[in-house]
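Step one of this worksheet: look at the structure below.
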Amino acid sequence: MTRQFLRHGWTAGLLAILALLFVFTKIIQPDFGTSGLDSLSRAMLPFAFATAAMAVVVIAGGIDLSVASMMAVAGVTAAVLMDGAGDGMTAVAVVIVLLVGLTMGAINGALIVITRVPDIVVTLAMLYVWEGVALLILNGPGGSATPWLRELIVGPFIVPWLPRSLVFLAVCLVAVWVPLKRSKLGLSIYAIGSNDLAAYRSGVSVGRTRIAAYAVCGLFAAIGGLTLTMSTGNGEPIPGPYLMASVAAVVLGGVVLGGGKGALLGPIIAVIILRLVRMDLTLLSVDPNVTTIVEGTIMVVVVMFGGVLAYRGRHK
Amino acid sequence: MTDQQAQTPLLDAKGVSKRFGAVVALEDASLTISAGQIVALMGANGAGKSTFVKILTGALKPDTGHVRIRGTERRVGSPAEARRSGLVPVYQEPSLIPDLSIADNLRLGDTPVADFQHWVHELGIDGLHLDDMISALPLATLRILDLARALAVKPDVLLLDEMTAALPTDLVEKVLDTVRKQADAGQSVIYISHRFSEIAEICDRATVLRDGATVGDLPITPGVEEKVVELMLGAVLDKDPTRTSTAAHCPEGMPRVTVRNLAAGTKLQDVSLDLYRGEVLGVVALEGQGQDQLFDVLAGMDSPTAGTIALDGKTVSFNHPADAIAAGLSFVPGDRADGLLMERSVHENIALPQLARFAKWGAIGMKKEAATVKKAIDRLQIDTRAQGEVQRLSGGNQQKVTIGRWIAAGVDTLLLFDPTRGIDVRTKRQIYLLVRELAEQGAAVLYYTSELAEVPAACDRAVVIFNGKVVDVIEAADADEQTLMRAAYGLTASAAVSA
Amino acid sequence: MTSETTMFKSVGRFIGNNPLVPLLILLLVLVGVLEFMRPGIVNERWIGNTIKFAIPLAMLAACQTLTMLTGGIDLSAAVAATISAFVMATQVPIVGVPLAICIGLIPAIMIGMVNGFGVAVCRVHPLIMTLGTGLIATGCLQVYQRFVIASGSVIPDGLAWLGTGRTWGLPNALILFVPIAILIIWAQRRTGFGRLLYALGSNETASRISGVRSWQVFLALYMLSGLIAGVTGLLYVGLIKAPSLSLVNPLLLPSVAAAVIGGTSIFGGRGGYSGTILGALILTVLGTLLTLLQMPEGLRRILFGLIILTVTTTYIRLTEQSR
């Protein structure tokens, strides 16, 4: 019970911080409104999907260092397929990109299971492989994105204050995560992260579940890559700074490294908080670089605090 | 035809053997169960029980021999497959996922919820919500949930491994009742337990393992305990006592270690004892009576919640094992995996304590170190053919390394926690001899062993701990195994308390 | 048991006992392939160049090796190196060379100290801790840059000499590297500190029982790692001759790869620096080889990744077999 409270307590705390930050933003920038929200939300998209991707594998007790590279592959694939494509072709392209993501993730997972090399090492090697694949597809920024697809994440949705990009994010996450979490596969992902021996004894196929978790990670990374192409209008084969940022947000969001705990909501809120902090500091005309310091400090202090708490708990 | 079927045993394991590298875990194990029977699988520690269980449940493949369920050969496979074949185990440690709710755990294993709830109720647990997180539940409840989950899939053969170990008495009764009813309904049970009283109460037969082989299969009749004990012990030690004299060592002067009213964790309640120089003080206890915490506290691994420890009359408290070591207390943990650097060499393992202090971070005097290490290796007769990595050594030699590390540094007070667990007879004798020798040279030794037969062989006196409290102090030399066995199984406990 | 598996086993045991031999063979094979593809390329000049570029990688990989021996990792090493280089180069016009070098090393050691504190006292996973300090340090560096932008930067001649110069065909960087390498290899086996790294990586509980106060070791280790990273940065800026805000960052993941290829287990307790040096050389030669193949950049990276994976898989399989 207490643990359940703690888990929700963590998310609630993050929400409270987020609310405070919005109030703070409004104070320092009274005309912060729909357009500010829109650009914030759009800038956040790739980070949010990278974080979701990372969160799934961390919950399963792993880690994936190749998230940003997979995003790059998905981004350039989308840009190349959509270059000059019609509406129907665009839909096909999106499906292909998602399949590519699933496949890349599944390959990562399968390699970890088959080679029995530590996940960090495998995904480190795969980081280069996917990076290379992205460069093979597109040697420099290029391709294009179909206009109607781009418009999915620009402007408001129904009501003026609700950015489309935020709706897009919510729809994508809910469409993948909710059915997954309800399914036996979702349970198995939590189970292998929590205690893989107990999971095995409960009849979970640990290897297959791990591959599936990495495949879902690849899927989220692919959507993230797609949003990159959607927002910039072309494909960029060089991976962005999403690896470190996603690990930071996952940890901040209450997903414990080692697995079994946490969900997607916390990390996503953490992403918004980190983006908002960055924007506020810009608004305060603080050197944008200070933001990086603040982000890093928040993350380090939170994990150090959490580490001390966990250590105390173990030794009580 | 039906007659024929009744004749086919439900489960039939024959001539099962298994080796891990150089270590022979099982040599010739067999087990047969017919429908409606409860068979106790018994064996001292290291007899190969856990390997046998793994083979029966399909987690390991036997090197030779076969396991048949209803006449079909058992193949190695996942626990899910094992379940389909009709053999469902309940393991010693709960196999529920800590971070999921009860309902989710049931869903994970495809357990019928209604049946599960029926069994939970039957087993006497109430007030449980299916939304409760596993990690928030007490251990005893988890064991019951594990059992209920197994019963809910209606297994042909139920395997219970130390099912009652962590349970309070009323739950034990319920469990035994339920298990008996299962058998009466025609299902079979393999029952693994240290508790004779339970075995006598519900089991039909006992299959006894010793040194990896089935050495006996007897029906449970009144008085069969003696016979089982004899089979388990193998009677090697009786004929060959290692003690040089039968006269008990007379404690005199100031005790080296004085423990008063020590309590720690949930299990160690109230232990007082005196350990003198020149003696080996045995600790006799069933598994989980608080002896683990006693040793942890003395070694500085854990802090006590109450009570005092004094060394040579001076009260001490330890924040870190380094403090205990500085005070002269050296600890050999029960699980060798906790004590050894498995990937490192014998040499590095033995030299480790001497490098621990900050002052020793600099260059190592290699010659001096080599000499010290060699001294320890020689004294303990460690087989150094595979010294490159400790994990390649046999269990006995590994244990010698954990002890040798303190011999090399010079022993003052030695805390040995079950040092002979799972090692061969020859090495065991070497360890008794070493312990006696150390005591004769003036060391104080606290010696917990799960093998009771060792107490008269190695110890001078022995304290009996039951339920976290010292219930008796025995002169070890006079105690025969039956007395010790009864003491450890709490049979004399009530007598001692009332006396 | 078939004879094939027995042979596999004995090969594994051989490698377990002589972990450097297969790496050396791999290195020679790579050089051989190179010479076969482009006869005459393997000459004194090429060897000098290869060593010159392998040295900074090997030094940064020392941070990974030492921390990995305890089951950790230092992802802030590249940032620490970059900071040292950048701060030093920008301080030279202000305070002069010797003082600038000292000032440059201070932030690197401080990063290590924070890492050590987090890992040792707060028990934060090293991956997270060093990732976080890396982020913070990057931000600090960018802020710092704005303050010194006017003063410009100077690479001291000494460092340029060390980074790019040659003596008798061999790169001068060896003057710095050889003593450091010898010191590390000696220290990991022959000092109490080195042994404790293996001990903690192999089994922290066993080390505790033996009286090791792990926090002391971790704190010292991560500070040492910071210092090595700082020195690497100084050397590397002498080689590249242009301080930038992401100077050493491209070497971070290769440094982990070098340690892993060199046989150091990411879980701790196994490996050593000599393997890492070979790992760094292998990666450098591999880089040349892939460039020479005139493959597209993308294919080169794919091969690079696959080779890291193949080498580590083979290695783990072989050593597992020998157990």
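Within each chain, counting starts at residue 1; across the structure tokens, chains are named A, B, ... in the order shown, with ligands numbered 1 upward in that order.
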
Filtered DSSP result for range 36-105 of chain A, state helix (DSSP H, G or I), as number ranges by chain: A: 36-59, 67-82, 87-105

Closest pair table for chain A residues within 6 Å of chain C, only C-alpha atoms, as JSON lines:
{"residue": "A:Thr115", "atom": "CA", "partner": "C:Thr313", "partner_atom": "CA", "distance": 5.9}
{"residue": "A:Ala125", "atom": "CA", "partner": "C:Gly305", "partner_atom": "CA", "distance": 4.3}
{"residue": "A:Met126", "atom": "CA", "partner": "C:Gly305", "partner_atom": "CA", "distance": 5.8}
{"residue": "A:Tyr128", "atom": "CA", "partner": "C:Gly305", "partner_atom": "CA", "distance": 4.9}
{"residue": "A:Val129", "atom": "CA", "partner": "C:Ile302", "partner_atom": "CA", "distance": 3.9}
{"residue": "A:Gly132", "atom": "CA", "partner": "C:Gly298", "partner_atom": "CA", "distance": 3.6}
{"residue": "A:Val133", "atom": "CA", "partner": "C:Gly298", "partner_atom": "CA", "distance": 5.8}
{"residue": "A:Leu135", "atom": "CA", "partner": "C:Gly298", "partner_atom": "CA", "distance": 4.6}
{"residue": "A:Leu136", "atom": "CA", "partner": "C:Gly298", "partner_atom": "CA", "distance": 4.9}
{"residue": "A:Asn289", "atom": "CA", "partner": "C:Gly139", "partner_atom": "CA", "distance": 5.1}
{"residue": "A:Val290", "atom": "CA", "partner": "C:Gly139", "partner_atom": "CA", "distance": 5.8}
{"residue": "A:Thr292", "atom": "CA", "partner": "C:Gly139", "partner_atom": "CA", "distance": 4.8}
{"residue": "A:Ile293", "atom": "CA", "partner": "C:Ile136", "partner_atom": "CA", "distance": 4.2}
{"residue": "A:Gly296", "atom": "CA", "partner": "C:Ile136", "partner_atom": "CA", "distance": 4.7}
{"residue": "A:Val300", "atom": "CA", "partner": "C:Gly132", "partner_atom": "CA", "distance": 5.5}
{"residue": "A:Met304", "atom": "CA", "partner": "C:Cys122", "partner_atom": "CA", "distance": 5.3}
{"residue": "A:Gly307", "atom": "CA", "partner": "C:Cys122", "partner_atom": "CA", "distance": 5.2}
{"residue": "A:Val308", "atom": "CA", "partner": "C:Cys122", "partner_atom": "CA", "distance": 4.9}

Excluding Ile175 in chain C and any residue of its chain fewer than 6 positions from it, enumerate the residues within 12 Å of it, using only C-alpha atoms, and give them as an mmCIF file with C-alpha atoms, in the first residue's frame.
data_model
loop_
_atom_site.group_PDB
_atom_site.id
_atom_site.type_symbol
_atom_site.label_atom_id
_atom_site.label_comp_id
_atom_site.auth_asym_id
_atom_site.auth_seq_id
_atom_site.Cartn_x
_atom_site.Cartn_y
_atom_site.Cartn_z
ATOM 1 C CA LYS C 52 49.416 8.889 -32.001
ATOM 2 C CA ILE C 55 46.982 7.140 -27.253
ATOM 3 C CA LEU C 159 51.479 20.304 -25.475
ATOM 4 C CA TRP C 161 54.931 19.093 -29.276
ATOM 5 C CA LEU C 162 53.654 16.291 -27.099
ATOM 6 C CA GLY C 163 50.496 15.858 -29.126
ATOM 7 C CA GLY C 165 55.585 15.870 -32.547
ATOM 8 C CA ARG C 166 57.743 12.873 -33.352
ATOM 9 C CA THR C 167 61.101 11.742 -32.197
ATOM 10 C CA ALA C 181 50.354 2.936 -18.768
ATOM 11 C CA ILE C 182 53.119 1.219 -16.829
ATOM 12 C CA LEU C 235 47.153 15.795 -24.551
#

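Distance-wise, CA of Asp302 in chain B and CA of Phe305 in chain A end up 22.6 Å apart.
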
Distance-based interface of chain B with chain C, 6 Å, counting only C-alpha atoms, as a VMD selection string: chain B and resid 321 to 322 338 to 341 353 355 to 356 360 to 364

Keeping all heavy atoms, export the residues of the selection given above as a CSV table (one decimal), in the first residue's frame.
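Contents of out05.csv, as written:
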chain,number,residue,atom,x,y,z
B,321,PRO,N,32.2,-3.9,9.3
B,321,PRO,CA,33.0,-5.1,9.5
B,321,PRO,C,34.5,-4.7,9.8
B,321,PRO,O,35.1,-5.4,10.6
B,321,PRO,CB,32.9,-5.9,8.3
B,321,PRO,CG,31.6,-5.5,7.7
B,321,PRO,CD,31.4,-4.0,8.1
B,322,ALA,N,35.0,-3.6,9.3
B,322,ALA,CA,36.4,-3.3,9.5
B,322,ALA,C,36.6,-3.0,11.0
B,322,ALA,O,37.7,-3.4,11.5
B,322,ALA,CB,36.7,-2.0,8.7
B,338,ASP,N,29.0,-15.2,-0.8
B,338,ASP,CA,29.1,-13.9,-0.1
B,338,ASP,C,30.5,-13.6,0.4
B,338,ASP,O,30.9,-12.5,0.7
B,338,ASP,CB,28.2,-13.9,1.2
B,338,ASP,CG,26.8,-13.7,0.8
B,338,ASP,OD1,26.5,-13.2,-0.3
B,338,ASP,OD2,25.9,-13.9,1.7
B,339,GLY,N,31.4,-14.7,0.4
B,339,GLY,CA,32.7,-14.5,1.0
B,339,GLY,C,33.8,-14.4,0.0
B,339,GLY,O,34.9,-14.0,0.3
B,340,LEU,N,33.5,-14.9,-1.2
B,340,LEU,CA,34.7,-15.0,-2.1
B,340,LEU,C,34.6,-14.1,-3.3
B,340,LEU,O,33.5,-13.7,-3.8
B,340,LEU,CB,34.7,-16.5,-2.7
B,340,LEU,CG,35.1,-17.5,-1.6
B,340,LEU,CD1,34.8,-18.9,-2.2
B,340,LEU,CD2,36.6,-17.4,-1.3
B,341,LEU,N,35.8,-13.7,-3.8
B,341,LEU,CA,35.9,-13.1,-5.1
B,341,LEU,C,36.0,-14.2,-6.1
B,341,LEU,O,37.1,-14.7,-6.4
B,341,LEU,CB,37.1,-12.1,-5.1
B,341,LEU,CG,37.4,-11.3,-3.9
B,341,LEU,CD1,38.7,-10.6,-4.0
B,341,LEU,CD2,36.2,-10.3,-3.7
B,353,PRO,N,42.0,-9.3,3.2
B,353,PRO,CA,41.8,-8.5,4.4
B,353,PRO,C,43.1,-7.7,4.7
B,353,PRO,O,42.9,-6.7,5.4
B,353,PRO,CB,41.6,-9.6,5.5
B,353,PRO,CG,41.3,-10.8,4.7
B,353,PRO,CD,41.9,-10.7,3.4
B,355,LEU,N,44.8,-6.0,2.8
B,355,LEU,CA,44.9,-4.8,2.0
B,355,LEU,C,43.8,-3.8,2.2
B,355,LEU,O,43.7,-2.7,1.7
B,355,LEU,CB,44.9,-5.2,0.5
B,355,LEU,CG,45.9,-6.2,0.0
B,355,LEU,CD1,45.6,-6.7,-1.4
B,355,LEU,CD2,47.3,-5.5,0.1
B,356,ALA,N,42.8,-4.2,3.1
B,356,ALA,CA,41.6,-3.5,3.2
B,356,ALA,C,41.8,-2.1,3.7
B,356,ALA,O,41.2,-1.1,3.3
B,356,ALA,CB,40.6,-4.2,4.1
B,360,LYS,N,47.1,0.6,3.6
B,360,LYS,CA,47.7,-0.5,2.8
B,360,LYS,C,47.4,-0.4,1.3
B,360,LYS,O,47.5,-1.3,0.5
B,360,LYS,CB,47.2,-1.9,3.2
B,360,LYS,CG,47.5,-2.2,4.7
B,360,LYS,CD,48.9,-2.6,4.9
B,360,LYS,CE,49.1,-3.0,6.3
B,360,LYS,NZ,50.5,-3.4,6.5
B,361,TRP,N,47.0,0.8,0.9
B,361,TRP,CA,46.7,1.0,-0.5
B,361,TRP,C,47.9,1.1,-1.5
B,361,TRP,O,47.8,1.0,-2.7
B,361,TRP,CB,45.9,2.3,-0.7
B,361,TRP,CG,44.4,2.2,-0.3
B,361,TRP,CD1,43.9,1.1,0.4
B,361,TRP,CD2,43.4,3.0,-0.6
B,361,TRP,NE1,42.6,1.3,0.5
B,361,TRP,CE2,42.2,2.5,-0.1
B,361,TRP,CE3,43.3,4.3,-1.3
B,361,TRP,CZ2,41.0,3.1,-0.2
B,361,TRP,CZ3,42.0,4.9,-1.4
B,361,TRP,CH2,40.9,4.3,-0.9
B,362,GLY,N,49.1,1.3,-0.9
B,362,GLY,CA,50.2,1.5,-1.7
B,362,GLY,C,50.8,0.2,-2.3
B,362,GLY,O,50.0,-0.8,-2.4
B,363,ALA,N,52.1,0.2,-2.6
B,363,ALA,CA,52.7,-1.0,-3.2
B,363,ALA,C,52.6,-2.2,-2.2
B,363,ALA,O,52.7,-2.0,-1.0
B,363,ALA,CB,54.1,-0.7,-3.5
B,364,ILE,N,52.4,-3.4,-2.8
B,364,ILE,CA,52.3,-4.6,-2.0
B,364,ILE,C,53.7,-5.2,-2.0
B,364,ILE,O,54.4,-5.3,-3.0
B,364,ILE,CB,51.3,-5.6,-2.7
B,364,ILE,CG1,49.9,-5.0,-2.7
B,364,ILE,CG2,51.3,-6.9,-1.9
B,364,ILE,CD1,48.9,-5.8,-3.6

Where does chain B meet chain A within 12 Å, residue by residue, with the nearest atom pair and distance in Å to one decimal for each, counting only C-alpha atoms, listed by chain and rising number, as a Markdown table?
| residue | atom | partner | partner_atom | distance |
| --- | --- | --- | --- | --- |
| B:Lys54 | CA | A:Arg201 | CA | 11.4 |
| B:Thr57 | CA | A:Arg201 | CA | 10.2 |
| B:Gly58 | CA | A:Arg201 | CA | 11.1 |
| B:Ala59 | CA | A:Arg201 | CA | 9.5 |
| B:Gly77 | CA | A:Gly203 | CA | 10.4 |
| B:Ser78 | CA | A:Gly203 | CA | 6.8 |
| B:Pro79 | CA | A:Gly203 | CA | 5.3 |
| B:Ala80 | CA | A:Gly203 | CA | 4.3 |
| B:Glu81 | CA | A:Gly203 | CA | 8.0 |
| B:Ala82 | CA | A:Gly203 | CA | 9.1 |
| B:Arg83 | CA | A:Gly203 | CA | 8.4 |
| B:Arg84 | CA | A:Gly203 | CA | 10.5 |
| B:Val88 | CA | A:Arg201 | CA | 10.1 |
| B:Pro89 | CA | A:Arg201 | CA | 9.1 |
| B:Val90 | CA | A:Arg201 | CA | 9.5 |
| B:Tyr91 | CA | A:Arg201 | CA | 9.1 |
| B:Gln92 | CA | A:Ala198 | CA | 11.6 |
| B:Glu93 | CA | A:Ala198 | CA | 9.0 |
| B:Pro94 | CA | A:Ala198 | CA | 7.5 |
| B:Ser95 | CA | A:Ala198 | CA | 4.2 |
| B:Leu96 | CA | A:Ala198 | CA | 5.7 |
| B:Ile97 | CA | A:Ala191 | CA | 5.8 |
| B:Pro98 | CA | A:Ser194 | CA | 6.4 |
| B:Asp99 | CA | A:Ser194 | CA | 5.9 |
| B:Leu100 | CA | A:Ala191 | CA | 7.3 |
| B:Ser101 | CA | A:Gln4 | CA | 9.7 |
| B:Ile102 | CA | A:Leu187 | CA | 11.8 |
| B:Ala103 | CA | A:Leu187 | CA | 10.7 |
| B:Asp104 | CA | A:Leu187 | CA | 6.9 |
| B:Asn105 | CA | A:Ser202 | CA | 8.0 |
| B:Leu106 | CA | A:Ser202 | CA | 8.9 |
| B:Arg107 | CA | A:Lys184 | CA | 7.2 |
| B:Leu108 | CA | A:Lys184 | CA | 6.2 |
| B:Gly109 | CA | A:Ser202 | CA | 5.2 |
| B:Asp110 | CA | A:Gly203 | CA | 8.7 |
| B:Thr111 | CA | A:Ser202 | CA | 9.8 |
| B:Leu128 | CA | A:Met1 | CA | 12.0 |
| B:His129 | CA | A:Met1 | CA | 10.7 |
| B:Leu130 | CA | A:Met1 | CA | 11.9 |
| B:Asp131 | CA | A:Met1 | CA | 9.1 |
| B:Asp132 | CA | A:Met1 | CA | 6.6 |
| B:Met133 | CA | A:Met1 | CA | 6.5 |
| B:Ile134 | CA | A:Met1 | CA | 9.4 |
| B:Ser135 | CA | A:Arg3 | CA | 8.0 |
| B:Ala136 | CA | A:Met1 | CA | 6.3 |
| B:Leu137 | CA | A:Met1 | CA | 9.1 |
| B:Asp146 | CA | A:Ser202 | CA | 10.0 |
| B:Arg149 | CA | A:Ser202 | CA | 9.9 |
| B:Ala150 | CA | A:Ser202 | CA | 10.1 |
| B:Ala264 | CA | A:Lys316 | CA | 10.4 |
| B:Gly265 | CA | A:Lys316 | CA | 8.4 |
| B:Thr266 | CA | A:Lys316 | CA | 10.8 |
| B:Met301 | CA | A:His315 | CA | 10.1 |
| B:Asp302 | CA | A:His315 | CA | 8.1 |
| B:Ser303 | CA | A:His315 | CA | 9.2 |
| B:Pro304 | CA | A:Lys316 | CA | 10.8 |
| B:Thr305 | CA | A:Lys316 | CA | 10.2 |

Val148 in chain C surroundings by only C-alpha atoms, 12 Å radius, close-in-sequence under 4 positions cut, as a ChimeraX atom specification: /C:86-94,141-144,152-153

With all heavy atoms retained, write the just-selected residues as a short mmCIF file (atom, residue, chain, number, x, y, z; two decimals), in the first residue's frame.
data_model
loop_
_atom_site.label_atom_id
_atom_site.label_comp_id
_atom_site.auth_asym_id
_atom_site.auth_seq_id
_atom_site.Cartn_x
_atom_site.Cartn_y
_atom_site.Cartn_z
N PHE C 86 39.87 22.88 -22.54
CA PHE C 86 39.33 24.20 -22.86
C PHE C 86 39.76 25.24 -21.82
O PHE C 86 40.23 26.33 -22.16
CB PHE C 86 37.81 24.13 -22.94
CG PHE C 86 37.20 25.33 -23.58
CD1 PHE C 86 37.10 25.42 -24.96
CD2 PHE C 86 36.76 26.39 -22.80
CE1 PHE C 86 36.56 26.54 -25.55
CE2 PHE C 86 36.22 27.51 -23.40
CZ PHE C 86 36.12 27.59 -24.78
N VAL C 87 39.61 24.87 -20.55
CA VAL C 87 39.99 25.80 -19.48
C VAL C 87 41.47 26.11 -19.57
O VAL C 87 41.90 27.28 -19.49
CB VAL C 87 39.62 25.23 -18.10
CG1 VAL C 87 40.24 26.06 -16.99
CG2 VAL C 87 38.11 25.15 -17.95
N MET C 88 42.27 25.08 -19.76
CA MET C 88 43.72 25.31 -19.85
C MET C 88 44.03 26.27 -21.00
O MET C 88 44.72 27.28 -20.82
CB MET C 88 44.40 23.96 -20.05
CG MET C 88 45.90 23.96 -20.09
SD MET C 88 46.58 24.36 -21.70
CE MET C 88 45.82 23.12 -22.72
N ALA C 89 43.48 25.97 -22.19
CA ALA C 89 43.81 26.77 -23.36
C ALA C 89 43.38 28.22 -23.19
O ALA C 89 44.07 29.14 -23.65
CB ALA C 89 43.14 26.18 -24.61
N THR C 90 42.27 28.43 -22.52
CA THR C 90 41.81 29.81 -22.37
C THR C 90 42.50 30.52 -21.21
O THR C 90 42.49 31.74 -21.14
CB THR C 90 40.29 29.85 -22.13
OG1 THR C 90 39.96 28.89 -21.13
CG2 THR C 90 39.53 29.52 -23.41
N GLN C 91 43.06 29.76 -20.29
CA GLN C 91 43.75 30.39 -19.17
C GLN C 91 45.19 30.75 -19.51
O GLN C 91 45.78 31.62 -18.87
CB GLN C 91 43.73 29.47 -17.93
CG GLN C 91 42.38 29.37 -17.24
CD GLN C 91 41.93 30.68 -16.64
OE1 GLN C 91 42.74 31.41 -16.07
NE2 GLN C 91 40.66 31.02 -16.79
N VAL C 92 45.73 30.08 -20.52
CA VAL C 92 47.14 30.34 -20.85
C VAL C 92 47.42 31.83 -21.09
O VAL C 92 48.36 32.37 -20.52
CB VAL C 92 47.59 29.49 -22.06
CG1 VAL C 92 48.94 29.95 -22.58
CG2 VAL C 92 47.66 28.02 -21.67
N PRO C 93 46.58 32.53 -21.89
CA PRO C 93 46.88 33.96 -22.11
C PRO C 93 46.80 34.77 -20.83
O PRO C 93 47.38 35.85 -20.74
CB PRO C 93 45.78 34.40 -23.09
CG PRO C 93 45.16 33.17 -23.61
CD PRO C 93 45.42 32.09 -22.63
N ILE C 94 46.07 34.29 -19.85
CA ILE C 94 45.85 35.07 -18.63
C ILE C 94 46.90 34.78 -17.56
O ILE C 94 47.48 35.69 -16.99
CB ILE C 94 44.44 34.80 -18.06
CG1 ILE C 94 43.39 35.04 -19.15
CG2 ILE C 94 44.17 35.67 -16.83
CD1 ILE C 94 42.00 34.59 -18.80
N LEU C 141 30.71 24.43 -18.69
CA LEU C 141 31.72 24.76 -19.69
C LEU C 141 31.20 25.82 -20.65
O LEU C 141 31.88 26.78 -20.99
CB LEU C 141 32.12 23.49 -20.45
CG LEU C 141 33.16 23.69 -21.55
CD1 LEU C 141 34.45 24.21 -20.97
CD2 LEU C 141 33.39 22.40 -22.32
N GLN C 142 29.92 25.63 -21.06
CA GLN C 142 29.34 26.58 -22.01
C GLN C 142 29.22 27.96 -21.38
O GLN C 142 29.46 28.99 -22.03
CB GLN C 142 27.98 26.07 -22.49
CG GLN C 142 28.15 24.95 -23.50
CD GLN C 142 26.89 24.16 -23.71
OE1 GLN C 142 26.00 24.18 -22.88
NE2 GLN C 142 26.82 23.46 -24.82
N VAL C 143 28.87 27.99 -20.10
CA VAL C 143 28.76 29.28 -19.42
C VAL C 143 30.15 29.91 -19.30
O VAL C 143 30.35 31.10 -19.58
CB VAL C 143 28.14 29.10 -18.02
CG1 VAL C 143 28.19 30.40 -17.24
CG2 VAL C 143 26.71 28.61 -18.17
N TYR C 144 31.10 29.08 -18.94
CA TYR C 144 32.47 29.56 -18.78
C TYR C 144 32.97 30.17 -20.09
O TYR C 144 33.61 31.22 -20.10
CB TYR C 144 33.36 28.39 -18.36
CG TYR C 144 34.85 28.67 -18.43
CD1 TYR C 144 35.49 29.36 -17.39
CD2 TYR C 144 35.61 28.25 -19.52
CE1 TYR C 144 36.84 29.62 -17.45
CE2 TYR C 144 36.96 28.51 -19.59
CZ TYR C 144 37.58 29.20 -18.55
OH TYR C 144 38.92 29.46 -18.62
N GLY C 152 40.52 34.76 -25.86
CA GLY C 152 41.12 33.86 -26.84
C GLY C 152 41.78 32.66 -26.19
O GLY C 152 41.80 32.54 -24.96
N SER C 153 42.28 31.79 -27.01
CA SER C 153 42.91 30.61 -26.44
C SER C 153 44.24 30.33 -27.11
O SER C 153 44.45 30.66 -28.27
CB SER C 153 41.99 29.39 -26.61
OG SER C 153 41.85 29.11 -27.98
#

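The protein and nucleic acid residues lying at most 12 Å from Leu438 in chain B are Arg277, Gly278, Glu279, Val280, Arg379, Leu380, Ile403, Trp406, Ile407, Gly410, Val411, Asp412, Thr413, Leu414, Ile431, Tyr432, Leu433, Leu434, Val435, Gln441, Gly442, Ala443, Ala444, Val445, Leu446, Ala458 and Cys459 of chain B, with only C-alpha atoms considered and sequence neighbours fewer than 3 positions away removed.
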
Nearby residues (only C-alpha atoms) at most 7 Å from range 51-66 of chain A, same-chain spacing under 6 positions excluded, as a ChimeraX atom specification: /A:119-120,123-124,126-127,189-190,192-193,210,213-214,217-218,220-221,243,246-247,249-250,255,257-262,264,267

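One finds CA of Thr288 in chain C at 21.3 Å from CA of Gly238 in chain C.
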
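Between CA of Phe331 in chain B and CA of Thr402 in chain B lies a distance of 9.1 Å.
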
For Ala263 in chain B, list every protein, DNA or RNA residue within 9 Å, evaluated using only C-alpha atoms, and leave out those in the same chain fewer than 6 positions away; present the list as a short mmCIF file (atom, residue, chain, number, x, y, z; two decimals) with N, CA and C atoms, in the first residue's frame.
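Written out: out-v8.cif:
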data_model
loop_
_atom_site.label_atom_id
_atom_site.label_comp_id
_atom_site.auth_asym_id
_atom_site.auth_seq_id
_atom_site.Cartn_x
_atom_site.Cartn_y
_atom_site.Cartn_z
N GLN B 269 15.96 -12.40 19.04
CA GLN B 269 15.15 -11.78 20.09
C GLN B 269 15.96 -11.43 21.32
N ASP B 270 16.65 -12.43 21.86
CA ASP B 270 17.27 -12.22 23.16
C ASP B 270 18.32 -13.31 23.35
N VAL B 271 19.54 -13.00 22.95
CA VAL B 271 20.58 -14.01 23.06
C VAL B 271 21.69 -13.51 23.97
N GLY B 290 17.41 -17.04 14.04
CA GLY B 290 18.05 -15.80 14.47
C GLY B 290 19.56 -15.89 14.49
N GLN B 293 21.42 -13.41 12.15
CA GLN B 293 21.56 -12.05 12.66
C GLN B 293 22.61 -11.99 13.76
N LEU B 294 22.67 -13.03 14.60
CA LEU B 294 23.68 -13.05 15.66
C LEU B 294 25.07 -12.91 15.07
N PRO B 304 22.77 -4.05 16.24
CA PRO B 304 21.74 -4.64 17.09
C PRO B 304 20.67 -3.61 17.44
N THR B 305 19.46 -4.09 17.71
CA THR B 305 18.41 -3.18 18.17
C THR B 305 18.40 -3.11 19.69
N ALA B 306 18.98 -4.10 20.33
CA ALA B 306 19.05 -4.08 21.79
C ALA B 306 20.19 -4.99 22.22
N GLY B 307 20.65 -4.80 23.46
CA GLY B 307 21.67 -5.68 24.01
C GLY B 307 23.08 -5.16 23.79
N GLY B 468 14.90 -17.30 18.25
CA GLY B 468 15.66 -16.09 18.57
C GLY B 468 16.14 -16.00 19.99
#
